[in-house]
Structure formats: structure tokens, C-alpha cells
file protein14.cif (mmCIF, C-alpha atoms)
data_final
loop_
_atom_site.label_atom_id
_atom_site.label_comp_id
_atom_site.auth_asym_id
_atom_site.auth_seq_id
_atom_site.Cartn_x
_atom_site.Cartn_y
_atom_site.Cartn_z
CA MET A 1 -2.18 -21.91 18.51
CA PRO A 2 -2.02 -18.09 19.00
CA ARG A 3 -1.83 -15.89 15.92
CA PRO A 4 1.39 -13.97 15.18
CA ALA A 5 1.56 -10.33 16.23
CA LEU A 6 -0.78 -7.96 14.43
CA HIS A 7 0.85 -5.89 11.67
CA LEU A 8 -0.12 -2.23 11.69
CA ALA A 9 -0.36 0.03 8.64
CA VAL A 10 -1.65 3.58 8.35
CA GLU A 11 -2.83 5.61 5.35
CA ILE A 12 -1.09 9.01 5.28
CA ASP A 13 -2.40 10.59 2.09
CA GLY A 14 -3.78 14.10 2.48
CA ASP A 15 -4.91 15.33 5.89
CA GLY A 16 -7.05 12.35 6.87
CA ALA A 17 -9.91 10.07 5.93
CA HIS A 18 -12.60 12.74 6.24
CA PRO A 19 -12.97 14.91 3.12
CA ALA A 20 -12.94 18.04 5.31
CA ALA A 21 -10.00 16.88 7.46
CA TRP A 22 -7.90 19.80 6.20
CA ARG A 23 -10.06 22.15 8.29
CA ARG A 24 -8.67 20.62 11.51
CA ALA A 25 -5.09 20.12 10.33
CA ALA A 26 -2.28 21.50 12.50
CA HIS A 27 -0.62 23.18 9.51
CA SER A 28 -1.60 25.79 7.00
CA PRO A 29 -3.31 24.47 3.82
CA GLY A 30 -0.30 25.51 1.77
CA GLU A 31 1.97 23.16 3.71
CA LEU A 32 0.08 19.97 2.80
CA LEU A 33 2.13 19.17 -0.30
CA THR A 34 5.52 20.17 1.11
CA PRO A 35 8.39 17.74 1.76
CA ARG A 36 8.57 18.90 5.39
CA ARG A 37 4.97 17.86 6.01
CA LEU A 38 5.48 14.40 4.47
CA ALA A 39 8.73 13.81 6.37
CA ARG A 40 7.08 14.81 9.65
CA VAL A 41 4.12 12.43 9.19
CA ALA A 42 6.33 9.54 8.04
CA ALA A 43 8.66 10.04 11.02
CA ALA A 44 5.69 10.12 13.39
CA ALA A 45 4.39 6.84 11.95
CA GLU A 46 7.80 5.19 12.19
CA ASN A 47 8.42 6.41 15.73
CA ALA A 48 4.98 5.17 16.76
CA GLY A 49 5.92 1.67 15.58
CA PHE A 50 3.81 1.19 12.45
CA THR A 51 5.07 -1.50 10.08
CA LEU A 52 4.18 0.45 6.97
CA VAL A 53 2.43 3.47 5.56
CA THR A 54 0.32 3.59 2.41
CA LEU A 55 -0.12 6.60 0.14
CA ASP A 56 -3.27 6.93 -1.95
CA ASP A 57 -3.12 8.27 -5.49
CA SER A 58 -5.02 8.83 -8.72
CA ILE A 59 -4.37 10.61 -11.98
CA LEU A 60 -7.39 12.73 -11.00
CA PRO A 61 -7.16 15.29 -8.17
CA PRO A 62 -8.78 14.46 -4.81
CA GLY A 63 -11.46 17.13 -5.34
CA ASP A 64 -12.93 19.03 -8.27
CA GLY A 65 -12.48 22.49 -6.80
CA SER A 66 -16.13 23.39 -7.41
CA SER A 67 -16.80 24.45 -3.81
CA THR A 68 -15.01 25.44 -0.62
CA GLU A 69 -16.05 22.11 0.93
CA SER A 70 -13.98 20.11 -1.58
CA GLY A 71 -10.71 20.98 0.12
CA PRO A 72 -7.25 20.73 -1.45
CA VAL A 73 -7.41 19.71 -5.10
CA GLY A 74 -3.78 18.78 -5.74
CA ARG A 75 -1.46 15.97 -4.81
CA ILE A 76 2.06 14.77 -5.59
CA GLY A 77 2.58 11.33 -7.14
CA SER A 78 2.47 8.50 -4.64
CA VAL A 79 5.67 6.80 -5.82
CA GLU A 80 7.63 10.05 -5.56
CA ARG A 81 6.24 10.68 -2.08
CA ALA A 82 7.03 7.10 -1.06
CA ALA A 83 10.63 7.50 -2.20
CA PHE A 84 10.97 10.68 -0.16
CA ALA A 85 9.34 9.03 2.88
CA ALA A 86 11.74 6.09 2.55
CA ALA A 87 14.72 8.44 2.53
CA SER A 88 13.32 10.17 5.64
CA THR A 89 12.93 6.91 7.61
CA SER A 90 14.93 3.76 8.32
CA VAL A 91 12.59 0.85 9.16
CA LEU A 92 9.16 1.96 7.93
CA GLY A 93 7.65 0.16 4.95
CA VAL A 94 6.28 2.43 2.20
CA ALA A 95 3.49 1.26 -0.11
CA PRO A 96 2.12 3.69 -2.71
CA VAL A 97 -1.14 3.13 -4.55
CA VAL A 98 -0.39 2.69 -8.26
CA ALA A 99 -3.33 1.99 -10.54
CA THR A 100 -3.16 -0.69 -13.21
CA THR A 101 -5.99 0.87 -15.22
CA TYR A 102 -4.51 2.74 -18.22
CA ALA A 103 -0.95 2.65 -16.80
CA GLU A 104 1.87 0.84 -18.64
CA PRO A 105 2.97 -2.22 -16.61
CA PHE A 106 6.57 -1.74 -17.76
CA HIS A 107 6.66 1.73 -16.21
CA VAL A 108 4.89 0.55 -13.04
CA SER A 109 7.44 -2.24 -12.67
CA SER A 110 10.38 0.15 -13.10
CA GLN A 111 8.96 2.67 -10.63
CA LEU A 112 8.37 0.10 -7.90
CA SER A 113 11.69 -1.69 -8.49
CA THR A 114 13.45 1.64 -8.11
CA LEU A 115 11.49 2.37 -4.92
CA ASP A 116 12.57 -0.98 -3.48
CA HIS A 117 16.21 -0.21 -4.28
CA VAL A 118 16.20 3.30 -2.79
CA SER A 119 14.38 2.07 0.35
CA ALA A 120 16.74 -0.92 0.80
CA GLY A 121 13.89 -3.39 0.51
CA ARG A 122 11.04 -1.58 2.28
CA ALA A 123 8.71 -1.09 -0.70
CA GLY A 124 5.17 -2.32 -1.13
CA TRP A 125 2.52 -1.72 -3.77
CA VAL A 126 -1.19 -1.17 -3.20
CA VAL A 127 -2.78 -2.23 -6.49
CA GLY A 128 -5.25 0.44 -7.52
CA VAL A 129 -7.93 0.85 -10.18
CA GLU A 130 -9.31 3.98 -11.84
CA GLU A 131 -13.12 3.85 -11.78
CA ASP A 132 -13.89 7.43 -12.80
CA PRO A 133 -14.41 7.70 -16.59
CA ALA A 134 -12.56 11.05 -16.47
CA ALA A 135 -9.34 9.11 -15.85
CA ALA A 136 -9.48 7.70 -19.38
CA GLY A 137 -9.53 11.21 -20.79
CA ALA A 138 -6.67 12.28 -18.52
CA TRP A 139 -4.59 9.36 -19.80
CA GLY A 140 -5.77 9.82 -23.39
CA ARG A 141 -6.87 6.18 -23.49
CA PRO A 142 -10.09 4.36 -24.43
CA LEU A 143 -12.41 3.91 -21.47
CA VAL A 144 -11.99 0.71 -19.46
CA GLU A 145 -15.62 0.26 -18.50
CA GLY A 146 -17.06 -2.06 -15.88
CA ALA A 147 -15.70 -3.91 -12.86
CA GLU A 148 -14.83 -7.00 -14.90
CA ALA A 149 -12.70 -5.04 -17.37
CA ARG A 150 -10.92 -3.17 -14.57
CA ALA A 151 -10.24 -6.46 -12.77
CA ARG A 152 -8.81 -7.88 -16.01
CA GLU A 153 -6.46 -4.91 -16.32
CA ALA A 154 -5.41 -5.33 -12.68
CA ARG A 155 -4.79 -9.05 -13.12
CA ASP A 156 -2.84 -8.70 -16.35
CA GLY A 157 -0.91 -5.67 -15.12
CA LEU A 158 0.11 -7.43 -11.91
CA ARG A 159 1.23 -10.54 -13.79
CA VAL A 160 3.42 -8.46 -16.10
CA VAL A 161 4.90 -6.40 -13.27
CA ARG A 162 5.78 -9.54 -11.28
CA ASP A 163 7.34 -11.16 -14.33
CA LEU A 164 9.40 -8.05 -15.03
CA TRP A 165 10.66 -8.06 -11.43
CA ASP A 166 11.71 -11.68 -12.02
CA SER A 167 13.24 -11.03 -15.45
CA TRP A 168 16.64 -10.38 -13.86
CA GLU A 169 17.75 -13.39 -11.86
CA ASP A 170 19.37 -12.57 -8.53
CA ASP A 171 22.89 -13.25 -9.79
CA ALA A 172 22.47 -11.65 -13.23
CA VAL A 173 24.75 -8.73 -12.29
CA ILE A 174 28.40 -9.84 -12.33
CA ARG A 175 30.36 -6.54 -12.16
CA SER A 176 33.59 -8.28 -13.12
CA VAL A 177 36.45 -5.89 -13.88
CA ALA A 178 38.73 -8.79 -14.80
CA THR A 179 36.44 -10.03 -17.59
CA SER A 180 34.88 -6.63 -18.43
CA ARG A 181 31.44 -8.11 -17.89
CA TYR A 182 28.67 -6.33 -16.01
CA LEU A 183 25.86 -8.77 -16.80
CA ASP A 184 25.38 -12.44 -17.43
CA ARG A 185 22.87 -12.03 -20.24
CA SER A 186 21.80 -15.65 -19.95
CA ARG A 187 20.18 -14.67 -16.65
CA LEU A 188 18.04 -11.92 -18.22
CA HIS A 189 14.70 -13.06 -19.59
CA ALA A 190 12.01 -11.73 -21.91
CA VAL A 191 8.61 -12.00 -20.24
CA ASP A 192 6.77 -12.40 -23.58
CA PHE A 193 3.34 -11.47 -22.22
CA THR A 194 0.35 -11.19 -24.53
CA GLY A 195 -3.00 -10.20 -23.05
CA GLU A 196 -6.35 -8.99 -24.32
CA THR A 197 -5.33 -5.34 -24.54
CA TYR A 198 -1.52 -5.19 -24.72
CA SER A 199 1.68 -7.20 -24.96
CA VAL A 200 5.04 -6.78 -23.22
CA LYS A 201 8.36 -8.23 -24.31
CA GLY A 202 10.82 -7.33 -21.53
CA PRO A 203 13.18 -7.79 -19.78
CA SER A 204 13.08 -4.98 -17.22
CA ILE A 205 15.64 -2.18 -17.37
CA VAL A 206 16.01 -2.22 -13.54
CA PRO A 207 17.86 -5.03 -11.73
CA ARG A 208 15.78 -7.34 -9.56
CA PRO A 209 14.44 -5.59 -6.43
CA PRO A 210 16.17 -6.32 -3.09
CA GLN A 211 13.03 -8.14 -1.90
CA GLY A 212 12.79 -10.10 -5.13
CA ARG A 213 9.32 -8.64 -5.45
CA PRO A 214 8.00 -5.69 -3.43
CA VAL A 215 5.08 -6.66 -1.20
CA VAL A 216 1.79 -6.56 -3.14
CA LEU A 217 -1.37 -5.44 -1.36
CA ALA A 218 -4.72 -5.61 -3.16
CA ARG A 219 -8.39 -5.31 -2.32
CA ALA A 220 -9.77 -8.80 -1.69
CA GLY A 221 -11.18 -10.26 -4.89
CA LEU A 222 -9.53 -7.75 -7.23
CA VAL A 223 -6.81 -10.14 -8.43
CA PRO A 224 -6.30 -13.91 -8.10
CA ALA A 225 -5.13 -14.82 -4.61
CA GLY A 226 -1.83 -16.26 -5.86
CA LEU A 227 -0.77 -12.88 -7.24
CA ALA A 228 -1.03 -10.83 -4.02
CA ASP A 229 0.79 -11.06 -0.71
CA VAL A 230 -1.75 -9.12 1.37
CA ALA A 231 -5.52 -8.90 0.88
CA LEU A 232 -7.21 -5.73 2.12
CA VAL A 233 -10.54 -6.93 3.51
CA GLY A 234 -13.71 -5.26 4.69
CA GLY A 235 -16.51 -6.26 7.01
CA ALA A 236 -18.79 -4.48 9.45
CA THR A 237 -17.51 -6.53 12.42
CA PRO A 238 -14.25 -8.28 13.37
CA ALA A 239 -15.93 -11.63 12.66
CA GLU A 240 -16.96 -10.51 9.18
CA ALA A 241 -13.44 -9.25 8.54
CA GLY A 242 -12.14 -12.66 9.64
CA GLU A 243 -14.48 -14.43 7.24
CA ALA A 244 -13.30 -12.20 4.40
CA ALA A 245 -9.68 -12.86 5.36
CA ALA A 246 -10.21 -16.63 5.31
CA ALA A 247 -11.88 -16.42 1.91
CA ALA A 248 -9.14 -14.23 0.40
CA GLY A 249 -6.64 -17.07 0.11
CA THR A 250 -3.61 -14.76 0.34
CA PRO A 251 -0.67 -15.30 2.73
CA LEU A 252 -1.81 -12.31 4.82
CA ALA A 253 -5.02 -10.29 5.20
CA PHE A 254 -5.36 -6.77 6.62
CA ALA A 255 -8.67 -5.34 7.80
CA GLU A 256 -9.58 -1.80 6.71
CA LEU A 257 -10.45 0.36 9.74
CA GLU A 258 -11.43 4.04 9.84
CA VAL A 259 -10.76 5.63 13.22
CA ALA A 260 -11.71 8.82 15.05
CA LEU A 261 -10.31 9.11 18.57
CA ASP A 262 -11.04 11.19 21.63
CA THR A 263 -8.43 13.93 21.98
CA PRO A 264 -7.65 16.24 24.91
CA GLY A 265 -9.65 19.00 23.22
CA ALA A 266 -12.71 17.14 21.94
CA THR A 267 -14.34 13.74 21.81
CA ALA A 268 -14.35 11.72 18.62
CA ARG A 269 -18.08 12.38 18.18
CA GLU A 270 -17.59 16.13 18.59
CA ARG A 271 -14.76 16.14 16.04
CA ILE A 272 -16.84 14.19 13.52
CA ALA A 273 -19.81 16.51 14.05
CA ASP A 274 -17.58 19.53 13.48
CA LEU A 275 -16.41 18.18 10.12
CA GLU A 276 -19.86 16.95 9.10
CA ARG A 277 -20.92 20.60 8.87
CA TYR A 278 -18.85 20.80 5.69
CA ALA A 279 -19.06 17.34 4.13
CA PRO A 280 -20.34 13.87 5.03
CA TRP A 281 -17.93 11.15 6.10
CA GLU A 282 -19.28 8.56 3.72
CA GLY A 283 -18.65 4.91 4.47
CA GLY A 284 -20.12 1.51 3.93
CA PRO A 285 -19.87 -2.19 4.73
CA GLU A 286 -16.50 -2.44 2.97
CA ARG A 287 -14.64 -1.35 6.11
CA LEU A 288 -14.96 -1.05 9.86
CA ARG A 289 -15.27 2.31 11.56
CA TYR A 290 -14.44 3.13 15.18
CA ALA A 291 -15.09 6.38 17.07
CA GLY A 292 -14.24 6.68 20.74
CA SER A 293 -11.48 6.36 23.30
CA ALA A 294 -7.97 5.05 22.78
CA ALA A 295 -8.68 2.24 25.24
CA GLY A 296 -11.68 1.14 23.20
CA LEU A 297 -9.58 1.04 20.05
CA VAL A 298 -6.97 -1.07 21.81
CA ASP A 299 -9.70 -3.55 22.72
CA LEU A 300 -11.02 -3.60 19.15
CA LEU A 301 -7.55 -4.16 17.69
CA THR A 302 -6.96 -6.93 20.22
CA GLU A 303 -10.17 -8.59 19.03
CA LEU A 304 -9.22 -8.11 15.39
CA GLY A 305 -5.90 -9.80 16.12
CA GLY A 306 -7.83 -13.04 16.49
CA HIS A 307 -9.30 -12.75 13.01
CA VAL A 308 -6.79 -11.03 10.69
CA ASP A 309 -3.03 -10.64 10.26
CA GLY A 310 -2.99 -6.87 10.20
CA VAL A 311 -4.98 -3.66 10.09
CA ARG A 312 -4.74 -0.61 7.85
CA LEU A 313 -5.89 2.41 9.83
CA ARG A 314 -7.44 5.44 8.16
CA PRO A 315 -7.42 8.28 10.73
CA LEU A 316 -10.17 10.91 10.63
CA VAL A 317 -7.59 13.72 10.85
CA LEU A 318 -3.94 12.71 10.69
CA ASP A 319 -2.57 15.54 12.83
CA GLU A 320 -5.01 14.78 15.66
CA ASP A 321 -5.49 11.01 15.54
CA LEU A 322 -1.90 10.01 14.76
CA ALA A 323 -0.77 11.73 17.96
CA VAL A 324 -3.26 9.71 20.04
CA LEU A 325 -2.32 6.50 18.24
CA SER A 326 1.35 7.19 19.00
CA ARG A 327 0.84 8.01 22.69
CA LEU A 328 -1.96 5.76 23.84
CA VAL A 329 -2.79 3.01 21.34
CA LEU A 330 0.35 1.46 19.85
CA PRO A 331 2.36 1.46 23.10
CA GLU A 332 -0.41 -0.51 24.80
CA LEU A 333 -0.55 -2.98 21.91
CA PHE A 334 3.21 -3.53 22.21
CA VAL A 335 2.96 -4.03 25.97
CA ARG A 336 0.21 -6.61 25.47
CA ARG A 337 2.23 -8.19 22.65
CA ILE A 338 -0.71 -7.80 20.32
CA ALA A 339 1.52 -6.01 17.81
CA ALA A 340 5.25 -5.84 17.17
CA ARG A 341 7.54 -3.10 15.88
CA PRO A 342 9.53 -3.67 12.67
CA LEU A 343 13.19 -4.38 13.35
CA PRO A 344 16.08 -2.25 12.02
CA GLY A 345 17.85 -3.64 8.98
CA THR A 346 14.94 -5.79 7.82
CA THR A 347 12.98 -5.69 4.60
CA LEU A 348 9.23 -5.20 4.55
CA ARG A 349 8.84 -8.86 3.61
CA THR A 350 10.85 -9.87 6.68
CA SER A 351 8.79 -7.58 8.92
CA LEU A 352 5.61 -9.21 7.61
CA GLY A 353 6.99 -12.74 7.86
CA LEU A 354 6.85 -13.28 4.11
CA PRO A 355 9.55 -15.30 2.31
CA ARG A 356 11.69 -13.77 -0.41
CA PRO A 357 10.40 -15.25 -3.69
CA LEU A 358 12.65 -16.87 -6.26
CA SER A 359 12.61 -15.62 -9.84
CA ARG A 360 10.00 -17.50 -11.84
CA PHE A 361 12.62 -17.94 -14.56
CA THR A 362 14.67 -20.29 -12.39
CA THR A 363 13.69 -23.95 -12.11
CA ASP A 364 12.82 -23.72 -8.41
CA GLY A 365 11.06 -20.37 -8.92
CA ALA A 366 8.87 -21.72 -11.72
CA ALA A 367 7.77 -24.61 -9.51
CA ALA A 368 7.02 -22.20 -6.65
CA LEU A 369 4.96 -20.00 -8.97
CA VAL A 370 2.82 -22.95 -10.03
CA ARG A 371 2.17 -23.79 -6.36
CA GLU A 372 1.22 -20.13 -5.63
CA GLU A 373 -1.25 -19.79 -8.47
CA THR A 374 -2.91 -23.15 -7.83
CA ARG A 375 -3.13 -22.64 -4.07
#
call {"tool": "encode", "arguments": {"input": "protein14.cif", "output": "C-alpha cells"}}
result
Amino acid sequence: MPRPALHLAVEIDGDGAHPAAWRRAAHSPGELLTPRRLARVAAAAENAGFTLVTLDDSILPPGDGSSTESGPVGRIGSVERAAFAAASTSVLGVAPVVATTYAEPFHVSSQLSTLDHVSAGRAGWVVGVEEDPAAAGAWGRPLVEGAEARAREARDGLRVVRDLWDSWEDDAVIRSVATSRYLDRSRLHAVDFTGETYSVKGPSIVPRPPQGRPVVLARAGLVPAGLADVALVGGATPAEAGEAAAAAGTPLAFAELEVALDTPGATARERIADLERYAPWEGGPERLRYAGSAAGLVDLLTELGGHVDGVRLRPLVLDEDLAVLSRLVLPELFVRRIAARPLPGTTLRTSLGLPRPLSRFTTDGAAALVREETR
């Protein structure tokens, strides 16, 4: 049986995947953090036919400012940028990175619920972790040290956030003028979570998101499979990515793919070499990397479509590679029916073929949750 159409995501933080990408950007350095720049990139991604965009983030700046090679050292919060991108688009999914390390799950839940409301159900969440010890000082919190401790924080944080999304049942809001009742308080629930490092009572202060729960994307192995909707998987080859996807156990799996494409002015190799004069494009076995023609990328994505459900692209330089993706790559994928555009009026869950979950505090929702976490 053929696999469903490949879902396409693209990372739009900064100027591109290369640390010196800003040197080849089509705008002045001062325009990077402007609303106009974000709206233009989001519109380009939507018009190209991407299902969603992701926006990286950290409490620490993307560079330390110690040398001219470090590039821009500021950024605007990912959730705020995602909300603006959602208001600038109509069908594009928006998934900010929000770290669970040091952050309060109650605030994370409220932020992402609000994003889902303002985007009319197009919100996702890329679960992040803060590995740099400097992040603890920035938060004013004790250091969360080691991969196991960070994974624990991610697991507990995600559980709390999901429970808070569920803490308002779908019909909790009555809005009855005749009875002067806004809420049916019997349909609001305390989550009563107690973990190793914190406890949360609840319920949420934000009504249940339009999607029930925004789509959760997480690096494969970071959280239990039953807690995430999409695993972000690595692998040096399409086959390895497929093996990682099969092992993830999540409903969907997206391969991570860095791309540098031939442009009218220079080949991919020439563009990489130009940027390597300033900083190395460091990589590793955790993700694929492609450098070459648009046709070659189409062939690679076609092959990946036999192994994974989607791909998150990380362009070398957004201003250069996104234009080639829009003109030569995605149109060919649509013609071949390898990928499909999101439809107007649909939620991100609908675009990805994911069901809308029931609240865990309903009888049917509790049973569904048990099936998810024991899958």
C-alpha cells in the first residue's frame, strides 16, 4: 500500500542553517528581527505549499557576540513570532520551539493554547531542551544537569501541558445569557500533577485549544512515544531515517534534512565554500544533508517519502534556498503527488491526518489516553 503524501516543514529562524547565513541574506542585518521580514518569509513558505514552519528559540542568544563571525546575537521569542506569522497567513501551520527545561509548564500551556486560538487551530509545539549551563543562570534556576534530567523535565513538562489543555472539556464554556452562566464548572478539572521537581494544580486559565491539543513535535527518544504526535528523526541515509521513524512509535515521523541548492548565481558547493570562510557548517549523523540541484533534491524527497511521513527542511540561506524550493522543488513534488498542499479552513491536525483528541478528563478520553501511552 502506498504511503500518504509527504508532509513538508521548513525551519525559518534567523537567516538560515549556516551560522554565517546572514552574510548572504537579501536584506540588511538590521531587518532580520523586523515584522516585515517575518511576514515575508512566512508568506513565501505558505505560497510555496509547506504544511508548517518551525521557529527555533532559546533563552540564550544565537551567538555570543565575541567575534564578527558570530553573526546576529538577538532574537524575538518564538511564540510571539509564531503568533505574528499566523496572523500573516491563512493555512500555514506554525510550530515554535519552547523548551521544557526551567520553564513553567503552566505558562507554556497558556502560551500554546493562546497561539492555537489566534491561529484558528494551526499551532504546533516543537519540544525543546536547554543544554547550555548558562541557561540556568539566565532563568535564575538550579542547573538541570545531564541528558537524563533534561529528558525527565521534558517528559514531566509535556504531561502537565497536555493535561492543562485537557482541563477544560470541549463544552465547558456555556455563554448562556438566560442563566447568567459562562462556564459549567463541573467540566473544569484540576490536573493535580506532582513530579520530582514541581507540582501543578490547575486547571488552565485558557479554554481548550481549537485542536484539543496543538500538534506536538519532539526529537525521537526525548519523550515517551505516546506523548508526541510527530517524532523528528535523524539518520545519514533515507533508510536510516526510516529505521529511526519505525522505532519512534509516534503517529508520524519527520526526517531532519539540511539543504543547500544550486541557484542561478552559484552552485550549492560554491555557496557553502563562501560561507565556510567565516564559520564551519557543523553537522553530524543526527540529520541528513543535501547539496546540489533542485532535481536531485526532488529525487531525494521522493525516496524519503517511502520511509518517513514528512521532512523538516533546514535551508542553508533562507533568502536563496527558499526561492529555489518554491520555484523548482515543491511544484514538482505536487505534480508527482509526492507531497500535498494544506487545504484552506483546516487545522494543522487535519492537514497532518491526525485525529482531534478527546479530553483525558472525559470517560472516552481517559480510555484513549491509556491506549496512547501503552502503545
call {"tool": "closest_atom_pairs", "arguments": {"input": "protein14.cif", "of": "region 312-352 of chain A", "to": "region 92-95 of chain A", "cutoff": "9 Å", "atoms": "all atoms listed in the file", "output": "JSON lines"}}
result
{"residue": "A:Pro342", "atom": "CA", "partner": "A:Leu92", "partner_atom": "CA", "distance": 7.4}
{"residue": "A:Thr347", "atom": "CA", "partner": "A:Gly93", "partner_atom": "CA", "distance": 7.9}
{"residue": "A:Leu348", "atom": "CA", "partner": "A:Gly93", "partner_atom": "CA", "distance": 5.6}
{"residue": "A:Ser351", "atom": "CA", "partner": "A:Gly93", "partner_atom": "CA", "distance": 8.8}
call {"tool": "closest_residue", "arguments": {"input": "protein14.cif", "among": "A:Val91, A:Ala82, A:His18, A:Ala9", "to": "Leu343 (chain A)", "atoms": "only C-alpha atoms"}}
result
A:Val91
call {"tool": "resolve_selection", "arguments": {"input": "protein14.cif", "expression": "the PyMOL selection byres ((chain A and resi 224-233) around 9)", "output": "ChimeraX atom specification"}}
result
/A:155,158-159,162,215-223,234-235,241-242,244-245,248-256,286-287,311-312,354,369,371-375
call {"tool": "resolve_selection", "arguments": {"input": "protein14.cif", "expression": "the PyMOL selection byres ((chain A and resi 42-52) around 7)", "output": "list in words"}}
result
His7, Leu8, Ala9, Val10, Leu38, Ala39, Arg40, Val41, Val53, Thr54, Ala85, Thr89, Leu92, Gly93, Val94, Ser326, Leu330, Arg341 and Pro342 of chain A
call {"tool": "resolve_selection", "arguments": {"input": "protein14.cif", "expression": "the PyMOL selection byres ((chain A and resi 169) around 7)", "output": "list of chain:residue names"}}
result
A:Asp166, A:Ser167, A:Trp168, A:Asp170, A:Asp171, A:Ala172, A:Arg187, A:Leu188, A:Arg208, A:Ser359
call {"tool": "residues_around", "arguments": {"input": "protein14.cif", "residues": "Asp319 (chain A)", "least_positions_apart": "6", "cutoff": "10 Å", "atoms": "only C-alpha atoms", "output": "number ranges by chain"}}
result
A: 15-16, 21-22, 24-27, 41, 44
call {"tool": "write_last_selection", "arguments": {"input": "protein14.cif", "atoms": "C-alpha atoms", "output": "CSV table (one decimal), keeping the file's coordinate frame"}}
result
chain,number,residue,atom,x,y,z
A,15,ASP,CA,-4.9,15.3,5.9
A,16,GLY,CA,-7.0,12.4,6.9
A,21,ALA,CA,-10.0,16.9,7.5
A,22,TRP,CA,-7.9,19.8,6.2
A,24,ARG,CA,-8.7,20.6,11.5
A,25,ALA,CA,-5.1,20.1,10.3
A,26,ALA,CA,-2.3,21.5,12.5
A,27,HIS,CA,-0.6,23.2,9.5
A,41,VAL,CA,4.1,12.4,9.2
A,44,ALA,CA,5.7,10.1,13.4
call {"tool": "atom_distance", "arguments": {"input": "protein14.cif", "atom1": "CA of Pro72 (chain A)", "atom2": "CA of Asp13 (chain A)"}}
result
11.8 Å
call {"tool": "atom_distance", "arguments": {"input": "protein14.cif", "atom1": "CA of Ala151 (chain A)", "atom2": "CA of Val126 (chain A)"}}
result
14.2 Å
call {"tool": "atom_distance", "arguments": {"input": "protein14.cif", "atom1": "CA of Thr346 (chain A)", "atom2": "CA of Gly121 (chain A)"}}
result
7.8 Å
call {"tool": "residues_around", "arguments": {"input": "protein14.cif", "residues": "Arg314 (chain A)", "least_positions_apart": "4", "cutoff": "6 Å", "atoms": "only C-alpha atoms", "output": "JSON, numbers by chain"}}
result
{"A": [11, 17, 258]}
call {"tool": "closest_residue", "arguments": {"input": "protein14.cif", "among": "A:Ser78, A:Thr237, A:Thr101, A:Thr114", "to": "Leu300 (chain A)", "atoms": "only C-alpha atoms"}}
result
A:Thr237
call {"tool": "closest_residue", "arguments": {"input": "protein14.cif", "among": "A:Leu325, A:Ala86, A:Ala247, A:Val108", "to": "Leu164 (chain A)", "atoms": "only C-alpha atoms"}}
result
A:Val108
call {"tool": "closest_residue", "arguments": {"input": "protein14.cif", "among": "A:Leu32, A:Leu60, A:Val329, A:Val118", "to": "Ala83 (chain A)", "atoms": "only C-alpha atoms"}}
result
A:Val118
call {"tool": "closest_residue", "arguments": {"input": "protein14.cif", "among": "A:Asp56, A:Ala190, A:Pro214, A:Leu6", "to": "Pro355 (chain A)", "atoms": "only C-alpha atoms"}}
result
A:Pro214
call {"tool": "decode", "arguments": {"input": "protein14.cif", "residues": "region 197-208 of chain A", "atoms": "N, CA, C and O atoms", "output": "PDB file, in the first residue's frame"}}
result
ATOM      1  N   THR A 197      10.339  17.469  40.588  1.00  0.00           N
ATOM      2  CA  THR A 197      10.871  18.812  40.816  1.00  0.00           C
ATOM      3  C   THR A 197       9.803  19.884  40.966  1.00  0.00           C
ATOM      4  O   THR A 197      10.134  21.014  41.333  1.00  0.00           O
ATOM      5  N   TYR A 198       8.551  19.609  40.684  1.00  0.00           N
ATOM      6  CA  TYR A 198       7.498  20.606  40.843  1.00  0.00           C
ATOM      7  C   TYR A 198       6.141  19.925  40.851  1.00  0.00           C
ATOM      8  O   TYR A 198       6.015  18.738  40.509  1.00  0.00           O
ATOM      9  N   SER A 199       5.133  20.690  41.255  1.00  0.00           N
ATOM     10  CA  SER A 199       3.754  20.204  41.209  1.00  0.00           C
ATOM     11  C   SER A 199       2.880  21.288  40.612  1.00  0.00           C
ATOM     12  O   SER A 199       3.186  22.486  40.711  1.00  0.00           O
ATOM     13  N   VAL A 200       1.789  20.891  39.975  1.00  0.00           N
ATOM     14  CA  VAL A 200       0.863  21.817  39.320  1.00  0.00           C
ATOM     15  C   VAL A 200      -0.556  21.406  39.675  1.00  0.00           C
ATOM     16  O   VAL A 200      -0.917  20.227  39.540  1.00  0.00           O
ATOM     17  N   LYS A 201      -1.345  22.355  40.084  1.00  0.00           N
ATOM     18  CA  LYS A 201      -2.727  22.073  40.464  1.00  0.00           C
ATOM     19  C   LYS A 201      -3.683  22.205  39.279  1.00  0.00           C
ATOM     20  O   LYS A 201      -4.437  21.294  38.977  1.00  0.00           O
ATOM     21  N   GLY A 202      -3.681  23.370  38.598  1.00  0.00           N
ATOM     22  CA  GLY A 202      -4.623  23.590  37.511  1.00  0.00           C
ATOM     23  C   GLY A 202      -5.989  23.978  38.048  1.00  0.00           C
ATOM     24  O   GLY A 202      -6.165  24.122  39.256  1.00  0.00           O
ATOM     25  N   PRO A 203      -7.010  24.134  37.202  1.00  0.00           N
ATOM     26  CA  PRO A 203      -6.987  23.974  35.748  1.00  0.00           C
ATOM     27  C   PRO A 203      -6.308  25.148  35.030  1.00  0.00           C
ATOM     28  O   PRO A 203      -5.843  26.088  35.671  1.00  0.00           O
ATOM     29  N   SER A 204      -6.290  25.056  33.703  1.00  0.00           N
ATOM     30  CA  SER A 204      -5.746  26.131  32.876  1.00  0.00           C
ATOM     31  C   SER A 204      -6.611  27.378  33.003  1.00  0.00           C
ATOM     32  O   SER A 204      -7.779  27.307  33.412  1.00  0.00           O
ATOM     33  N   ILE A 205      -6.051  28.528  32.644  1.00  0.00           N
ATOM     34  CA  ILE A 205      -6.844  29.752  32.592  1.00  0.00           C
ATOM     35  C   ILE A 205      -7.324  30.035  31.164  1.00  0.00           C
ATOM     36  O   ILE A 205      -8.050  31.002  30.939  1.00  0.00           O
ATOM     37  N   VAL A 206      -6.905  29.218  30.197  1.00  0.00           N
ATOM     38  CA  VAL A 206      -7.274  29.400  28.790  1.00  0.00           C
ATOM     39  C   VAL A 206      -8.187  28.258  28.373  1.00  0.00           C
ATOM     40  O   VAL A 206      -7.880  27.086  28.641  1.00  0.00           O
ATOM     41  N   PRO A 207      -9.316  28.543  27.732  1.00  0.00           N
ATOM     42  CA  PRO A 207     -10.193  27.461  27.264  1.00  0.00           C
ATOM     43  C   PRO A 207      -9.456  26.479  26.365  1.00  0.00           C
ATOM     44  O   PRO A 207      -8.409  26.788  25.794  1.00  0.00           O
ATOM     45  N   ARG A 208     -10.009  25.282  26.242  1.00  0.00           N
ATOM     46  CA  ARG A 208      -9.353  24.224  25.463  1.00  0.00           C
ATOM     47  C   ARG A 208      -9.043  24.705  24.047  1.00  0.00           C
ATOM     48  O   ARG A 208      -9.864  25.352  23.400  1.00  0.00           O
TER      49      ARG A 208
END
